[in-house]
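Beneath this line is the structure, given in C-alpha cells, with notes to follow.
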Amino acid sequence: MPTNKLTSRIAIVGVGDVGAAAVFALILSSVCGQILLVDTKEAFRDGQVLDLSDATHRGNSSTHVRAGTYQEAGQCDIVVITAGAKQKPGESRLQLIGRNIGILGSVISGMKPFKQDTILLLVANPVDVLTTFAQEISGLPKAQVIGSGTFLDSIRLRGHLAEKAEVAASSIDAYVLGEHGDSQFVAWSIATIGGVPIDKALPAGTFDRRELAESVKSTAQKIIEAKGATSYGIGSVVASICSSILFDKHNVRPISHWQQDHDCCLSLPVVLGRKGVVRNLPLPLDDEETKLLHESAKDLREVIDGARK
Ligand code: 6V0
C-alpha cells in the first residue's frame, strides 16, 4: 500500500543549494509528513531547519522539518542524496567523480541497515555513475535505487518546445535520454505534441533540432556561470519524483536506473511507483538514437570502470 502524506518520511542528505530547494518544493507540494535534514555542517544544517520550517508555517502545511542523523535517514521512505561537490564553471559532471564517490560511500555506510522498502534517490553528480555505485554499496534491490537522471533535461526540452509550439509544456511528450551529461541525446523520433508526432506538429524549418538539443545540454553551465549553482529546477524534479513514489502514481519519467543491456545506470522512461522502478517502457527509438544510446552507455561504463581502479 502507498504510504500517506501524514506518515511518510523523506531524508535529504546534503542540504546545500540543491537539498534546500528540494525541501522547499516538497513543503509547497505537501508530499510527506516529515523531512529530515542531514549534513556534515551541523550549524548550517540547523539554520536550514529553521529557515525551511518557516515555510511550513505558511498555511496548513502537514510537513514537519527537523535535523536528522544518517541512521534515521536510513529508516525513511525515501533518502535523497544531494551531498557532494558541485561543478565549477567549465567543469564537466564526470570530473566530480573522485570526490563524490568517496562522499557517497561514507553516507551510505552511515545509513545502513536500510529500511527494507527505502527508495534511494541520487541527485549528486555524476548522477548515473553514483546511482550505479549506490546500487552496489547499499545492497538494496536495484529497482529501489534511482537517479534524477535526464528528468531535468527533459523538462528543459519541453519548456523550449512549448515556447516554439505555443502550447502548454504539459501537452508535450519529449525525452532527453542517456547520460545526464555530455553524451545525452534527444529522442526526436518519439517526441509528440498533444499526441501528434513532432515532425507534423512543428514542421521542419520551424527550429533547428541540433541547436535546441545543445541549448538544453548547456543550460546547467549557463546557470552555474551566472549564479554558481542550479537549484530550483532540480528541486522541483526531486519533489515530483518523491510524489510519484509515495503516492504510487505510476507516472512515466525519464530517470536513471539499472539497464541490464547496458551494464550501468542511465536514463530511459520508466513507470515510477512506491517500489521505485515498476517497469521499463519499450522504446521504439530509430537507428541513429539507438546508436547514441549505446555510445552514451559506453562512455558511462568507461568512467565507472575507471573509478573502480
Ligand atoms: P552545495 O551547495 O555545496 O551543497 C552540498 C552539501 O552537501 C553541503 O551542505 C555539504 O556540507 C553537504 N555534504 C558534503 N559531504 C557530506 C556528507 N558526507 N554528508 C552529508 N552532507 C554532506 O552543492 P549543491 O547543493 O549545489 O549540489 C549538490 C550536488 O548536486 C552536486 O554534486 C551537484 O553537481 C549536484 N546537482 C545535480 C543535479 C542533477 O540534475 N542531478 C542538478 C544540480 C546539482
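Please note that chains go A, B, ... in the order of the C-alpha cells, that every chain numbers its residues from 1, and that ligands are numbered from 1 in the order shown.
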
Kindly compile the residues surrounding ligand 1 within 9 Å, counting only C-alpha atoms and all ligand atoms, and format them as an NGL selection string.
:A and (12-21 or 38-42 or 44-45 or 70 or 81-88 or 93 or 96 or 100 or 102-107 or 122-128 or 147-153 or 180 or 220 or 228-235 or 237)

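Checking A:Leu177, A:Gln259, A:Leu202, A:Ser29 one by one against A:Asn280, counting only C-alpha atoms, you find the shortest gap at A:Gln259.
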
So which bits of stretch 41-274 of chain A end up strand (DSSP E) when you DSSP the backbone, as a count of residues only?
44

Test item: residues at most 8 Å from stretch 111-114 of chain A, only C-alpha atoms, excluding those fewer than 5 positions along its chain, as a PyMOL selection string:
chain A and resi 70-75+138+140

Which polymer residues have any atom within 12 Å of an atom of A:Thr56, counting only C-alpha atoms, with same-chain residues fewer than 2 positions away left out, as an NGL selection string?
:A and (23-30 or 32-35 or 49-54 or 58-66)

In Å, rounded to a single decimal, give me how far atom CA of A:Ser109 is from atom CA of A:Val278.
26.2 Å

Could you pull the residues within 10 Å of A:Pro89, counting only C-alpha atoms, minus those fewer than 6 positions along the same chain, as a ChimeraX atom specification?
/A:220-229

Next, the residues of the selection above should be written as an mmCIF file, in the first residue's frame with N, CA, C and O atoms.
```cif
data_model
loop_
_atom_site.group_PDB
_atom_site.id
_atom_site.type_symbol
_atom_site.label_atom_id
_atom_site.label_comp_id
_atom_site.auth_asym_id
_atom_site.auth_seq_id
_atom_site.Cartn_x
_atom_site.Cartn_y
_atom_site.Cartn_z
ATOM 1 N N ALA A 220 22.699 24.053 -17.799
ATOM 2 C CA ALA A 220 23.269 23.992 -16.450
ATOM 3 C C ALA A 220 24.528 24.847 -16.365
ATOM 4 O O ALA A 220 24.700 25.624 -15.415
ATOM 5 N N GLN A 221 25.409 24.730 -17.377
ATOM 6 C CA GLN A 221 26.650 25.511 -17.350
ATOM 7 C C GLN A 221 26.348 27.013 -17.354
ATOM 8 O O GLN A 221 27.005 27.782 -16.662
ATOM 9 N N LYS A 222 25.352 27.416 -18.141
ATOM 10 C CA LYS A 222 24.985 28.851 -18.197
ATOM 11 C C LYS A 222 24.564 29.328 -16.817
ATOM 12 O O LYS A 222 24.949 30.402 -16.358
ATOM 13 N N ILE A 223 23.762 28.507 -16.136
ATOM 14 C CA ILE A 223 23.270 28.897 -14.800
ATOM 15 C C ILE A 223 24.443 28.933 -13.819
ATOM 16 O O ILE A 223 24.579 29.872 -13.021
ATOM 17 N N ILE A 224 25.308 27.914 -13.893
ATOM 18 C CA ILE A 224 26.453 27.846 -12.968
ATOM 19 C C ILE A 224 27.377 29.055 -13.178
ATOM 20 O O ILE A 224 27.839 29.669 -12.218
ATOM 21 N N GLU A 225 27.610 29.410 -14.440
ATOM 22 C CA GLU A 225 28.456 30.584 -14.703
ATOM 23 C C GLU A 225 27.830 31.855 -14.149
ATOM 24 O O GLU A 225 28.506 32.733 -13.631
ATOM 25 N N ALA A 226 26.514 31.950 -14.240
ATOM 26 C CA ALA A 226 25.842 33.176 -13.810
ATOM 27 C C ALA A 226 25.643 33.269 -12.301
ATOM 28 O O ALA A 226 25.778 34.335 -11.706
ATOM 29 N N LYS A 227 25.322 32.120 -11.631
ATOM 30 C CA LYS A 227 24.984 32.221 -10.196
ATOM 31 C C LYS A 227 25.608 31.135 -9.318
ATOM 32 O O LYS A 227 25.296 31.027 -8.137
ATOM 33 N N GLY A 228 26.476 30.320 -9.918
ATOM 34 C CA GLY A 228 27.252 29.376 -9.102
ATOM 35 C C GLY A 228 26.617 28.016 -8.880
ATOM 36 O O GLY A 228 27.302 27.073 -8.513
ATOM 37 N N ALA A 229 25.319 27.889 -9.071
ATOM 38 C CA ALA A 229 24.664 26.589 -8.829
ATOM 39 C C ALA A 229 23.302 26.571 -9.501
ATOM 40 O O ALA A 229 22.683 27.622 -9.699
#
```
